[in-house]
file target-v2.txt (compact mmCIF, N, CA and C atoms and all ligand atoms)
# COMPACT_ATOMS: atom_id res chain seq x y z
N MET A 1038 121.49 -119.77 84.16
CA MET A 1038 121.73 -118.45 83.59
C MET A 1038 120.49 -118.01 82.82
N ILE A 1039 120.01 -116.81 83.13
CA ILE A 1039 118.84 -116.27 82.44
C ILE A 1039 119.30 -115.24 81.41
N ASN A 1040 118.96 -115.49 80.17
CA ASN A 1040 119.38 -114.59 79.09
C ASN A 1040 118.27 -113.61 78.74
N LEU A 1041 118.68 -112.42 78.33
CA LEU A 1041 117.73 -111.40 77.87
C LEU A 1041 117.88 -111.23 76.36
N TYR A 1042 116.73 -111.24 75.67
CA TYR A 1042 116.74 -111.06 74.22
C TYR A 1042 115.75 -109.97 73.86
N PRO A 1043 115.97 -109.32 72.72
CA PRO A 1043 114.98 -108.33 72.28
C PRO A 1043 113.69 -109.01 71.86
N LYS A 1044 112.56 -108.46 72.29
CA LYS A 1044 111.28 -109.06 71.95
C LYS A 1044 111.04 -108.99 70.44
N GLY A 1045 110.50 -110.05 69.90
CA GLY A 1045 110.14 -110.08 68.50
C GLY A 1045 111.18 -110.75 67.61
N TYR A 1046 112.38 -110.88 68.12
CA TYR A 1046 113.44 -111.45 67.29
C TYR A 1046 113.31 -112.96 67.16
N LYS A 1047 113.80 -113.45 66.05
CA LYS A 1047 113.92 -114.89 65.85
C LYS A 1047 115.36 -115.29 66.17
N PHE A 1048 115.49 -116.34 66.92
CA PHE A 1048 116.83 -116.81 67.27
C PHE A 1048 116.71 -118.26 67.73
N GLN A 1049 117.48 -119.13 67.13
CA GLN A 1049 117.41 -120.54 67.48
C GLN A 1049 118.14 -120.77 68.81
N LEU A 1050 117.38 -121.11 69.84
CA LEU A 1050 117.96 -121.30 71.17
C LEU A 1050 118.54 -122.69 71.35
N SER A 1051 117.95 -123.63 70.63
CA SER A 1051 118.38 -125.03 70.69
C SER A 1051 117.84 -125.68 69.41
N PRO A 1052 118.20 -126.91 69.14
CA PRO A 1052 117.78 -127.51 67.85
C PRO A 1052 116.28 -127.41 67.57
N ASN A 1053 115.46 -127.51 68.60
CA ASN A 1053 114.01 -127.55 68.37
C ASN A 1053 113.24 -126.36 68.91
N PHE A 1054 113.93 -125.40 69.53
CA PHE A 1054 113.21 -124.27 70.11
C PHE A 1054 113.81 -122.95 69.68
N ASN A 1055 112.91 -122.05 69.31
CA ASN A 1055 113.31 -120.73 68.84
C ASN A 1055 112.85 -119.69 69.85
N LEU A 1056 113.54 -118.58 69.86
CA LEU A 1056 113.15 -117.47 70.74
C LEU A 1056 111.69 -117.09 70.55
N VAL A 1057 111.17 -117.23 69.33
CA VAL A 1057 109.77 -116.84 69.08
C VAL A 1057 108.80 -117.66 69.93
N ASP A 1058 109.23 -118.84 70.36
CA ASP A 1058 108.37 -119.68 71.20
C ASP A 1058 108.20 -119.08 72.60
N PHE A 1059 109.07 -118.15 72.96
CA PHE A 1059 109.12 -117.67 74.35
C PHE A 1059 108.66 -116.23 74.53
N HIS A 1060 108.47 -115.49 73.45
CA HIS A 1060 108.08 -114.08 73.62
C HIS A 1060 106.75 -113.94 74.36
N CYS A 1061 106.67 -112.87 75.15
CA CYS A 1061 105.42 -112.54 75.84
C CYS A 1061 104.33 -112.29 74.78
N HIS A 1062 103.10 -112.73 75.08
CA HIS A 1062 102.02 -112.61 74.12
C HIS A 1062 101.29 -111.27 74.17
N CYS A 1063 101.76 -110.35 75.02
CA CYS A 1063 101.09 -109.06 75.11
C CYS A 1063 101.47 -108.18 73.92
N ASP A 1064 100.78 -107.06 73.76
CA ASP A 1064 101.11 -106.14 72.67
C ASP A 1064 101.55 -104.78 73.21
N SER A 1065 102.03 -104.78 74.45
CA SER A 1065 102.48 -103.52 75.06
C SER A 1065 103.82 -103.08 74.49
N LEU A 1066 103.93 -101.81 74.17
CA LEU A 1066 105.19 -101.26 73.67
C LEU A 1066 106.25 -101.25 74.78
N ALA A 1067 105.79 -101.34 76.03
CA ALA A 1067 106.73 -101.34 77.15
C ALA A 1067 107.37 -102.72 77.36
N CYS A 1068 106.81 -103.71 76.71
CA CYS A 1068 107.32 -105.10 76.84
C CYS A 1068 108.35 -105.31 75.74
N ARG A 1069 109.60 -105.13 76.08
CA ARG A 1069 110.64 -105.06 75.04
C ARG A 1069 111.71 -106.13 75.12
N VAL A 1070 111.73 -106.87 76.20
CA VAL A 1070 112.73 -107.94 76.30
C VAL A 1070 112.04 -109.28 76.60
N THR A 1071 112.72 -110.32 76.27
CA THR A 1071 112.25 -111.67 76.55
C THR A 1071 113.32 -112.38 77.37
N MET A 1072 112.92 -112.85 78.53
CA MET A 1072 113.86 -113.55 79.41
C MET A 1072 113.69 -115.05 79.22
N VAL A 1073 114.80 -115.73 79.04
CA VAL A 1073 114.75 -117.18 78.88
C VAL A 1073 115.94 -117.82 79.62
N ALA A 1074 115.64 -118.68 80.55
CA ALA A 1074 116.69 -119.41 81.27
C ALA A 1074 117.21 -120.52 80.35
N GLN A 1075 118.50 -120.54 80.17
CA GLN A 1075 119.07 -121.57 79.30
C GLN A 1075 118.81 -122.97 79.87
N GLU A 1076 118.78 -123.07 81.19
CA GLU A 1076 118.50 -124.36 81.82
C GLU A 1076 117.11 -124.87 81.42
N LEU A 1077 116.16 -123.94 81.30
CA LEU A 1077 114.81 -124.32 80.87
C LEU A 1077 114.85 -124.85 79.44
N VAL A 1078 115.54 -124.16 78.57
CA VAL A 1078 115.65 -124.61 77.18
C VAL A 1078 116.28 -126.01 77.12
N ASN A 1079 117.32 -126.19 77.90
CA ASN A 1079 117.97 -127.50 77.92
C ASN A 1079 117.01 -128.59 78.38
N GLY A 1080 116.21 -128.28 79.39
CA GLY A 1080 115.24 -129.25 79.89
C GLY A 1080 114.16 -129.55 78.85
N LEU A 1081 113.70 -128.50 78.17
CA LEU A 1081 112.68 -128.69 77.14
C LEU A 1081 113.22 -129.52 75.98
N GLU A 1082 114.47 -129.28 75.65
CA GLU A 1082 115.09 -130.05 74.56
C GLU A 1082 115.20 -131.53 74.95
N ALA A 1083 115.56 -131.78 76.19
CA ALA A 1083 115.63 -133.17 76.67
C ALA A 1083 114.25 -133.81 76.68
N LEU A 1084 113.24 -133.03 77.03
CA LEU A 1084 111.87 -133.54 77.02
C LEU A 1084 111.42 -133.84 75.60
N ARG A 1085 111.73 -132.95 74.70
CA ARG A 1085 111.39 -133.13 73.28
C ARG A 1085 112.00 -134.42 72.72
N ALA A 1086 113.22 -134.71 73.19
CA ALA A 1086 113.94 -135.88 72.68
C ALA A 1086 113.24 -137.19 73.06
N ILE A 1087 112.60 -137.22 74.23
CA ILE A 1087 111.98 -138.48 74.66
C ILE A 1087 110.46 -138.47 74.49
N ALA A 1088 109.85 -137.30 74.38
CA ALA A 1088 108.38 -137.23 74.33
C ALA A 1088 107.85 -136.84 72.96
N GLY A 1089 108.72 -136.40 72.07
CA GLY A 1089 108.23 -135.94 70.77
C GLY A 1089 107.79 -134.49 70.84
N PRO A 1090 107.21 -134.00 69.76
CA PRO A 1090 106.93 -132.56 69.66
C PRO A 1090 105.80 -132.09 70.58
N PHE A 1091 105.97 -130.87 71.07
CA PHE A 1091 104.91 -130.19 71.82
C PHE A 1091 105.06 -128.71 71.54
N ASP A 1092 104.00 -127.97 71.77
CA ASP A 1092 104.01 -126.53 71.54
C ASP A 1092 104.17 -125.79 72.86
N ILE A 1093 104.90 -124.69 72.82
CA ILE A 1093 105.01 -123.84 74.00
C ILE A 1093 103.93 -122.77 73.91
N ASN A 1094 102.90 -122.93 74.72
CA ASN A 1094 101.78 -121.98 74.70
C ASN A 1094 102.12 -120.67 75.38
N SER A 1095 103.02 -120.72 76.34
CA SER A 1095 103.41 -119.52 77.06
C SER A 1095 104.81 -119.72 77.62
N GLY A 1096 105.70 -118.79 77.30
CA GLY A 1096 107.05 -118.84 77.83
C GLY A 1096 107.24 -117.68 78.78
N TYR A 1097 107.97 -116.66 78.33
CA TYR A 1097 108.14 -115.47 79.16
C TYR A 1097 106.85 -114.65 79.18
N ARG A 1098 106.54 -114.06 80.34
CA ARG A 1098 105.43 -113.11 80.47
C ARG A 1098 105.94 -111.89 81.23
N CYS A 1099 105.69 -110.70 80.67
CA CYS A 1099 105.97 -109.50 81.46
C CYS A 1099 104.97 -109.48 82.62
N ILE A 1100 105.30 -108.74 83.66
CA ILE A 1100 104.46 -108.74 84.87
C ILE A 1100 103.04 -108.23 84.58
N PRO A 1101 102.87 -107.12 83.82
CA PRO A 1101 101.50 -106.68 83.53
C PRO A 1101 100.67 -107.74 82.78
N TYR A 1102 101.31 -108.42 81.84
CA TYR A 1102 100.57 -109.45 81.10
C TYR A 1102 100.24 -110.64 82.00
N ASN A 1103 101.18 -110.99 82.86
CA ASN A 1103 100.92 -112.09 83.79
C ASN A 1103 99.73 -111.77 84.69
N GLN A 1104 99.64 -110.48 85.10
CA GLN A 1104 98.50 -110.06 85.93
C GLN A 1104 97.21 -110.09 85.12
N LYS A 1105 97.32 -109.64 83.87
CA LYS A 1105 96.14 -109.55 83.00
C LYS A 1105 95.48 -110.91 82.81
N ILE A 1106 96.29 -111.93 82.66
CA ILE A 1106 95.73 -113.26 82.42
C ILE A 1106 95.57 -114.05 83.72
N ASN A 1107 95.65 -113.31 84.84
CA ASN A 1107 95.47 -113.92 86.16
C ASN A 1107 96.49 -115.01 86.44
N GLY A 1108 97.72 -114.78 85.98
CA GLY A 1108 98.80 -115.68 86.34
C GLY A 1108 99.12 -115.54 87.81
N ARG A 1109 99.69 -116.55 88.36
CA ARG A 1109 100.08 -116.51 89.76
C ARG A 1109 101.11 -115.40 89.97
N PRO A 1110 100.93 -114.55 90.99
CA PRO A 1110 101.95 -113.53 91.25
C PRO A 1110 103.32 -114.16 91.45
N ASN A 1111 104.35 -113.49 90.98
CA ASN A 1111 105.71 -114.04 91.06
C ASN A 1111 105.87 -115.34 90.29
N SER A 1112 105.01 -115.53 89.30
CA SER A 1112 105.12 -116.72 88.46
C SER A 1112 106.52 -116.82 87.86
N TYR A 1113 106.99 -118.03 87.75
CA TYR A 1113 108.30 -118.24 87.13
C TYR A 1113 108.30 -117.85 85.66
N HIS A 1114 107.10 -117.69 85.08
CA HIS A 1114 107.02 -117.17 83.71
C HIS A 1114 107.60 -115.75 83.63
N THR A 1115 107.47 -114.98 84.71
CA THR A 1115 107.88 -113.57 84.66
C THR A 1115 109.39 -113.38 84.76
N VAL A 1116 110.11 -114.47 84.99
CA VAL A 1116 111.57 -114.39 85.01
C VAL A 1116 112.20 -115.34 83.98
N GLY A 1117 111.37 -115.83 83.08
CA GLY A 1117 111.91 -116.66 82.00
C GLY A 1117 112.30 -118.06 82.41
N MET A 1118 111.73 -118.53 83.51
CA MET A 1118 112.11 -119.86 84.00
C MET A 1118 111.02 -120.91 83.82
N ALA A 1119 109.91 -120.55 83.11
CA ALA A 1119 108.79 -121.48 82.98
C ALA A 1119 108.27 -121.53 81.56
N ALA A 1120 107.70 -122.69 81.21
CA ALA A 1120 107.07 -122.85 79.91
C ALA A 1120 105.83 -123.73 80.06
N ASP A 1121 104.76 -123.35 79.36
CA ASP A 1121 103.56 -124.17 79.30
C ASP A 1121 103.61 -124.99 78.02
N CYS A 1122 103.60 -126.30 78.17
CA CYS A 1122 103.83 -127.21 77.05
C CYS A 1122 102.56 -127.97 76.71
N ALA A 1123 102.09 -127.80 75.47
CA ALA A 1123 100.89 -128.49 75.01
C ALA A 1123 101.31 -129.60 74.04
N PRO A 1124 101.07 -130.86 74.43
CA PRO A 1124 101.48 -131.97 73.57
C PRO A 1124 100.64 -132.03 72.30
N ARG A 1125 101.27 -132.48 71.23
CA ARG A 1125 100.55 -132.64 69.96
C ARG A 1125 99.94 -134.02 69.84
N PHE A 1126 100.62 -135.01 70.39
CA PHE A 1126 100.15 -136.39 70.18
C PHE A 1126 99.93 -137.15 71.47
N LEU A 1127 100.34 -136.58 72.58
CA LEU A 1127 100.21 -137.27 73.86
C LEU A 1127 99.11 -136.64 74.70
N LYS A 1128 98.66 -137.38 75.71
CA LYS A 1128 97.80 -136.79 76.72
C LYS A 1128 98.69 -136.02 77.70
N PRO A 1129 98.14 -134.98 78.34
CA PRO A 1129 98.94 -134.22 79.31
C PRO A 1129 99.63 -135.11 80.35
N GLN A 1130 98.90 -136.09 80.85
CA GLN A 1130 99.47 -136.99 81.85
C GLN A 1130 100.67 -137.75 81.29
N GLU A 1131 100.59 -138.11 80.02
CA GLU A 1131 101.70 -138.83 79.39
C GLU A 1131 102.91 -137.92 79.24
N LEU A 1132 102.67 -136.67 78.86
CA LEU A 1132 103.79 -135.73 78.74
C LEU A 1132 104.44 -135.50 80.11
N LYS A 1133 103.61 -135.45 81.15
CA LYS A 1133 104.15 -135.29 82.49
C LYS A 1133 105.05 -136.47 82.87
N GLN A 1134 104.63 -137.66 82.50
CA GLN A 1134 105.45 -138.84 82.84
C GLN A 1134 106.81 -138.80 82.17
N PHE A 1135 106.86 -138.17 81.00
CA PHE A 1135 108.16 -137.97 80.36
C PHE A 1135 108.95 -136.87 81.06
N ALA A 1136 108.24 -135.81 81.45
CA ALA A 1136 108.93 -134.66 82.07
C ALA A 1136 109.66 -135.04 83.36
N VAL A 1137 109.06 -135.94 84.13
CA VAL A 1137 109.71 -136.32 85.39
C VAL A 1137 110.95 -137.17 85.15
N GLN A 1138 111.12 -137.64 83.93
CA GLN A 1138 112.32 -138.40 83.59
C GLN A 1138 113.48 -137.49 83.17
N VAL A 1139 113.19 -136.20 83.02
CA VAL A 1139 114.24 -135.23 82.68
C VAL A 1139 114.72 -134.57 83.99
N PRO A 1140 115.92 -134.87 84.43
CA PRO A 1140 116.38 -134.36 85.73
C PRO A 1140 116.20 -132.85 85.90
N THR A 1141 116.53 -132.10 84.87
CA THR A 1141 116.42 -130.63 84.96
C THR A 1141 114.99 -130.19 85.28
N LEU A 1142 114.01 -130.89 84.70
CA LEU A 1142 112.62 -130.54 84.94
C LEU A 1142 112.09 -131.18 86.21
N ASN A 1143 112.51 -132.40 86.47
CA ASN A 1143 112.05 -133.11 87.66
C ASN A 1143 112.45 -132.39 88.94
N GLN A 1144 113.59 -131.71 88.91
CA GLN A 1144 114.08 -130.99 90.09
C GLN A 1144 113.29 -129.70 90.35
N GLY A 1145 112.51 -129.26 89.36
CA GLY A 1145 111.79 -128.00 89.50
C GLY A 1145 110.29 -128.21 89.64
N GLY A 1146 109.51 -127.33 89.03
CA GLY A 1146 108.07 -127.38 89.16
C GLY A 1146 107.41 -128.03 87.94
N ILE A 1147 106.43 -128.89 88.20
CA ILE A 1147 105.66 -129.49 87.12
C ILE A 1147 104.19 -129.46 87.53
N GLY A 1148 103.38 -128.78 86.72
CA GLY A 1148 101.95 -128.71 86.99
C GLY A 1148 101.18 -129.35 85.85
N LEU A 1149 100.16 -130.11 86.22
CA LEU A 1149 99.37 -130.83 85.21
C LEU A 1149 98.04 -130.10 84.99
N TYR A 1150 97.75 -129.83 83.73
CA TYR A 1150 96.53 -129.11 83.36
C TYR A 1150 95.81 -129.83 82.23
N LYS A 1151 94.62 -129.35 81.92
CA LYS A 1151 93.83 -129.95 80.83
C LYS A 1151 94.54 -129.81 79.49
N TRP A 1152 95.24 -128.68 79.33
CA TRP A 1152 95.86 -128.39 78.03
C TRP A 1152 97.27 -128.92 77.92
N GLY A 1153 97.84 -129.42 79.01
CA GLY A 1153 99.21 -129.90 78.96
C GLY A 1153 99.89 -129.74 80.30
N ILE A 1154 101.17 -129.39 80.27
CA ILE A 1154 101.89 -129.25 81.53
C ILE A 1154 102.65 -127.91 81.58
N HIS A 1155 102.73 -127.37 82.78
CA HIS A 1155 103.62 -126.25 83.08
C HIS A 1155 104.90 -126.87 83.63
N VAL A 1156 106.04 -126.43 83.11
CA VAL A 1156 107.31 -126.84 83.71
C VAL A 1156 108.11 -125.59 84.04
N ASP A 1157 108.86 -125.64 85.12
CA ASP A 1157 109.76 -124.54 85.44
C ASP A 1157 110.99 -125.08 86.13
N VAL A 1158 112.03 -124.26 86.11
CA VAL A 1158 113.32 -124.67 86.67
C VAL A 1158 113.60 -123.95 87.99
N ARG A 1159 112.59 -123.83 88.82
CA ARG A 1159 112.74 -123.29 90.17
C ARG A 1159 113.70 -124.19 90.95
N PRO A 1160 114.32 -123.64 92.00
CA PRO A 1160 115.33 -124.43 92.72
C PRO A 1160 114.78 -125.52 93.64
N ILE A 1161 113.46 -125.58 93.78
CA ILE A 1161 112.87 -126.57 94.68
C ILE A 1161 111.83 -127.38 93.91
N MET A 1162 111.82 -128.69 94.12
CA MET A 1162 110.83 -129.53 93.46
C MET A 1162 109.42 -129.16 93.91
N SER A 1163 108.53 -129.05 92.95
CA SER A 1163 107.15 -128.72 93.26
C SER A 1163 106.24 -129.44 92.27
N ARG A 1164 105.10 -129.94 92.75
CA ARG A 1164 104.15 -130.64 91.89
C ARG A 1164 102.74 -130.16 92.22
N TRP A 1165 101.91 -130.02 91.21
CA TRP A 1165 100.51 -129.69 91.46
C TRP A 1165 99.66 -130.13 90.27
N THR A 1166 98.40 -130.26 90.53
CA THR A 1166 97.44 -130.63 89.49
C THR A 1166 96.30 -129.64 89.51
N ASP A 1167 95.94 -129.13 88.36
CA ASP A 1167 94.82 -128.21 88.25
C ASP A 1167 93.57 -128.88 88.79
N PRO A 1168 92.93 -128.27 89.80
CA PRO A 1168 91.74 -128.91 90.37
C PRO A 1168 90.62 -129.09 89.36
N ASN A 1169 90.68 -128.35 88.26
CA ASN A 1169 89.64 -128.49 87.24
C ASN A 1169 89.96 -129.61 86.24
N LEU A 1170 91.11 -130.25 86.43
CA LEU A 1170 91.59 -131.19 85.42
C LEU A 1170 90.57 -132.26 85.09
N HIS A 1171 89.91 -132.76 86.12
CA HIS A 1171 89.07 -133.93 85.90
C HIS A 1171 87.65 -133.59 85.50
N ASP A 1172 87.36 -132.29 85.47
CA ASP A 1172 85.99 -131.91 85.13
C ASP A 1172 85.56 -132.44 83.77
N LEU A 1173 86.48 -132.36 82.83
CA LEU A 1173 86.13 -132.74 81.46
C LEU A 1173 86.12 -134.25 81.26
N THR A 1174 86.72 -134.95 82.20
CA THR A 1174 86.82 -136.40 82.00
C THR A 1174 85.67 -137.15 82.67
N ILE A 1175 84.86 -136.42 83.44
CA ILE A 1175 83.71 -137.08 84.06
C ILE A 1175 82.64 -137.32 83.00
N VAL A 1176 82.31 -138.57 82.84
CA VAL A 1176 81.29 -138.90 81.85
C VAL A 1176 79.94 -138.86 82.53
N ALA A 1177 79.07 -138.06 82.00
CA ALA A 1177 77.75 -137.96 82.59
C ALA A 1177 77.02 -139.30 82.46
N PRO A 1178 76.53 -139.82 83.56
CA PRO A 1178 75.84 -141.11 83.48
C PRO A 1178 74.51 -140.96 82.72
N ASN A 1179 74.15 -142.02 82.05
CA ASN A 1179 72.86 -141.99 81.38
C ASN A 1179 71.76 -142.01 82.42
N ASN A 1180 70.90 -141.07 82.32
CA ASN A 1180 69.80 -141.02 83.27
C ASN A 1180 68.58 -141.64 82.60
N GLU A 1181 68.34 -142.86 82.98
CA GLU A 1181 67.29 -143.60 82.26
C GLU A 1181 65.89 -143.14 82.62
N THR A 1182 65.82 -142.35 83.69
CA THR A 1182 64.49 -141.85 84.04
C THR A 1182 64.18 -140.57 83.30
N ASP A 1183 65.21 -140.05 82.59
CA ASP A 1183 65.04 -138.79 81.90
C ASP A 1183 64.47 -139.06 80.51
N VAL A 1184 63.19 -138.98 80.38
CA VAL A 1184 62.55 -139.31 79.09
C VAL A 1184 62.16 -138.04 78.35
ZN ZN B 1 104.46 -108.50 77.77
call {"tool": "encode", "arguments": {"input": "target-v2.txt", "output": "structure tokens"}}
result
Amino acid sequence: MINLYPKGYKFQLSPNFNLVDFHCHCDSLACRVTMVAQELVNGLEALRAIAGPFDINSGYRCIPYNQKINGRPNSYHTVGMAADCAPRFLKPQELKQFAVQVPTLNQGGIGLYKWGIHVDVRPIMSRWTDPNLHDLTIVAPNNETDV
């Protein structure tokens, strides 16, 4: 079930997540509602219980804002079914390993990025890894000829 809330309002959706975590980050006056799938909140709460705290960098996005930030067209963010989760104490890969243990999230989409993980409650399991993920982890070899 996808719920509609007025943008800007504070409302506790679950013990650890508030509606403010899900509002679109745009400043358009036309962006007036926030869509949040309760199933997503339930999955995030289950993830929080086993993985500890993480921040939701992006929840709902109106379509213009999703386009502005070059989000994937028809992103699950635009229907309130996705959240970008940035771990506070874990590595993204570690947070992902917890996410796959949550049935609600494991059944949907999980993407691994440098900043954390995208999770969504789409009806089909999907997995992907940001191709840029490993760029930052490559350690430049010492070039001993470089004097
Ligand atoms: Zn918006």
call {"tool": "residues_around", "arguments": {"input": "target-v2.txt", "residues": "Asp1157 in chain A", "least_positions_apart": "2", "cutoff": "7 Å", "atoms": "all atoms listed in the file", "output": "CSV table (one decimal) with N, CA and C atoms, in the coordinates of the input"}}
result
chain,number,residue,atom,x,y,z
A,1077,LEU,N,116.2,-123.9,81.3
A,1077,LEU,CA,114.8,-124.3,80.9
A,1077,LEU,C,114.8,-124.8,79.4
A,1113,TYR,N,107.0,-118.0,87.8
A,1113,TYR,CA,108.3,-118.2,87.1
A,1113,TYR,C,108.3,-117.8,85.7
A,1118,MET,N,111.7,-118.5,83.5
A,1118,MET,CA,112.1,-119.9,84.0
A,1118,MET,C,111.0,-120.9,83.8
A,1119,ALA,N,109.9,-120.6,83.1
A,1119,ALA,CA,108.8,-121.5,83.0
A,1119,ALA,C,108.3,-121.5,81.6
A,1120,ALA,N,107.7,-122.7,81.2
A,1120,ALA,CA,107.1,-122.8,79.9
A,1120,ALA,C,105.8,-123.7,80.1
A,1141,THR,N,116.5,-132.1,84.9
A,1141,THR,CA,116.4,-130.6,85.0
A,1141,THR,C,115.0,-130.2,85.3
A,1142,LEU,N,114.0,-130.9,84.7
A,1142,LEU,CA,112.6,-130.5,84.9
A,1142,LEU,C,112.1,-131.2,86.2
A,1144,GLN,N,113.6,-131.7,88.9
A,1144,GLN,CA,114.1,-131.0,90.1
A,1144,GLN,C,113.3,-129.7,90.4
A,1145,GLY,N,112.5,-129.3,89.4
A,1145,GLY,CA,111.8,-128.0,89.5
A,1145,GLY,C,110.3,-128.2,89.6
A,1146,GLY,N,109.5,-127.3,89.0
A,1146,GLY,CA,108.1,-127.4,89.2
A,1146,GLY,C,107.4,-128.0,87.9
A,1147,ILE,N,106.4,-128.9,88.2
A,1147,ILE,CA,105.7,-129.5,87.1
A,1147,ILE,C,104.2,-129.5,87.5
A,1148,GLY,N,103.4,-128.8,86.7
A,1148,GLY,CA,102.0,-128.7,87.0
A,1148,GLY,C,101.2,-129.4,85.8
A,1155,HIS,N,102.7,-127.4,82.8
A,1155,HIS,CA,103.6,-126.2,83.1
A,1155,HIS,C,104.9,-126.9,83.6
A,1159,ARG,N,112.6,-123.8,88.8
A,1159,ARG,CA,112.7,-123.3,90.2
A,1159,ARG,C,113.7,-124.2,91.0
A,1160,PRO,N,114.3,-123.6,92.0
A,1160,PRO,CA,115.3,-124.4,92.7
A,1160,PRO,C,114.8,-125.5,93.6
call {"tool": "closest_atom_pairs", "arguments": {"input": "target-v2.txt", "of": "chain A", "to": "ligand ZN 1 (chain B)", "cutoff": "7 Å", "atoms": "only N, CA and C atoms and all ligand atoms", "output": "tab-separated table"}}
result
residue	atom	partner	partner_atom	distance
A:His1060	C	B:ZN1	ZN	6.8
A:Cys1061	CA	B:ZN1	ZN	4.6
A:His1062	N	B:ZN1	ZN	5.2
A:Cys1063	N	B:ZN1	ZN	4.3
A:Asp1064	N	B:ZN1	ZN	5.6
A:Ser1065	N	B:ZN1	ZN	5.5
A:Ala1067	C	B:ZN1	ZN	6.5
A:Cys1068	CA	B:ZN1	ZN	4.5
A:Arg1069	N	B:ZN1	ZN	6.4
A:Tyr1097	C	B:ZN1	ZN	6.7
A:Arg1098	C	B:ZN1	ZN	5.1
A:Cys1099	N	B:ZN1	ZN	3.8
A:Ile1100	N	B:ZN1	ZN	6.0
A:Pro1101	C	B:ZN1	ZN	6.3
A:Tyr1102	N	B:ZN1	ZN	5.1
A:Asn1103	N	B:ZN1	ZN	6.5
call {"tool": "atom_distance", "arguments": {"input": "target-v2.txt", "atom1": "CA of Gly1089 in chain A", "atom2": "CA of Asp1058 in chain A"}}
result
16.3 Å
call {"tool": "closest_residue", "arguments": {"input": "target-v2.txt", "among": "A:Gly1117, A:Arg1085, A:Asn1079, A:Arg1109", "to": "Phe1059 in chain A", "atoms": "only C-alpha atoms"}}
result
A:Gly1117
call {"tool": "closest_residue", "arguments": {"input": "target-v2.txt", "among": "A:Leu1041, A:Leu1149, A:Val1078, A:Ile1154", "to": "Thr1166 in chain A", "atoms": "all atoms listed in the file"}}
result
A:Leu1149
call {"tool": "closest_residue", "arguments": {"input": "target-v2.txt", "among": "A:Pro1168, A:Phe1048, A:Ser1112, A:Phe1135", "to": "Ile1087 in chain A", "atoms": "all atoms listed in the file"}}
result
A:Phe1135
call {"tool": "residues_near_point", "arguments": {"input": "target-v2.txt", "point": "(113.3, -130.9, 66.4)", "cutoff": "8 Å", "atoms": "only N, CA and C atoms", "output": "number ranges by chain"}}
result
A: 1051-1054, 1085-1086, 1089-1090
call {"tool": "select_by_dssp", "arguments": {"input": "target-v2.txt", "residues": "range 1081-1134 of chain A", "states": "helix (DSSP H, G or I)", "output": "PyMOL selection string"}}
result
chain A and resi 1081-1088+1100-1105+1113-1116+1129-1134
call {"tool": "select_by_dssp", "arguments": {"input": "target-v2.txt", "residues": "range 1117-1160 of chain A", "states": "strand (DSSP E)", "output": "compact mmCIF listing (two decimals) with N, CA and C atoms, in the coordinates of the input"}}
result
# COMPACT_ATOMS: atom_id res chain seq x y z
N ALA A 1119 109.91 -120.55 83.11
CA ALA A 1119 108.79 -121.48 82.98
C ALA A 1119 108.27 -121.53 81.56
N ALA A 1120 107.70 -122.69 81.21
CA ALA A 1120 107.07 -122.85 79.91
C ALA A 1120 105.83 -123.73 80.06
N ASP A 1121 104.76 -123.35 79.36
CA ASP A 1121 103.56 -124.17 79.30
C ASP A 1121 103.61 -124.99 78.02
N CYS A 1122 103.60 -126.30 78.17
CA CYS A 1122 103.83 -127.21 77.05
C CYS A 1122 102.56 -127.97 76.71
N ALA A 1123 102.09 -127.80 75.47
CA ALA A 1123 100.89 -128.49 75.01
C ALA A 1123 101.31 -129.60 74.04
N PRO A 1124 101.07 -130.86 74.43
CA PRO A 1124 101.48 -131.97 73.57
C PRO A 1124 100.64 -132.03 72.30
N GLY A 1146 109.51 -127.33 89.03
CA GLY A 1146 108.07 -127.38 89.16
C GLY A 1146 107.41 -128.03 87.94
N ILE A 1147 106.43 -128.89 88.20
CA ILE A 1147 105.66 -129.49 87.12
C ILE A 1147 104.19 -129.46 87.53
N GLY A 1148 103.38 -128.78 86.72
CA GLY A 1148 101.95 -128.71 86.99
C GLY A 1148 101.18 -129.35 85.85
N LEU A 1149 100.16 -130.11 86.22
CA LEU A 1149 99.37 -130.83 85.21
C LEU A 1149 98.04 -130.10 84.99
N ILE A 1154 101.17 -129.39 80.27
CA ILE A 1154 101.89 -129.25 81.53
C ILE A 1154 102.65 -127.91 81.58
N HIS A 1155 102.73 -127.37 82.78
CA HIS A 1155 103.62 -126.25 83.08
C HIS A 1155 104.90 -126.87 83.63
N VAL A 1156 106.04 -126.43 83.11
CA VAL A 1156 107.31 -126.84 83.71
C VAL A 1156 108.11 -125.59 84.04
N ASP A 1157 108.86 -125.64 85.12
CA ASP A 1157 109.76 -124.54 85.44
C ASP A 1157 110.99 -125.08 86.13
call {"tool": "atom_distance", "arguments": {"input": "target-v2.txt", "atom1": "CA of Asn1111 in chain A", "atom2": "atom N of Lys1128 in chain A"}}
result
28.8 Å
call {"tool": "atom_distance", "arguments": {"input": "target-v2.txt", "atom1": "CA of Leu1050 in chain A", "atom2": "atom C of Lys1105 in chain A"}}
result
27.4 Å
call {"tool": "closest_residue", "arguments": {"input": "target-v2.txt", "among": "A:Asn1169, A:Ser1163, A:Asn1040, A:Gln1104", "to": "Val1116 in chain A", "atoms": "only N, CA and C atoms"}}
result
A:Asn1040
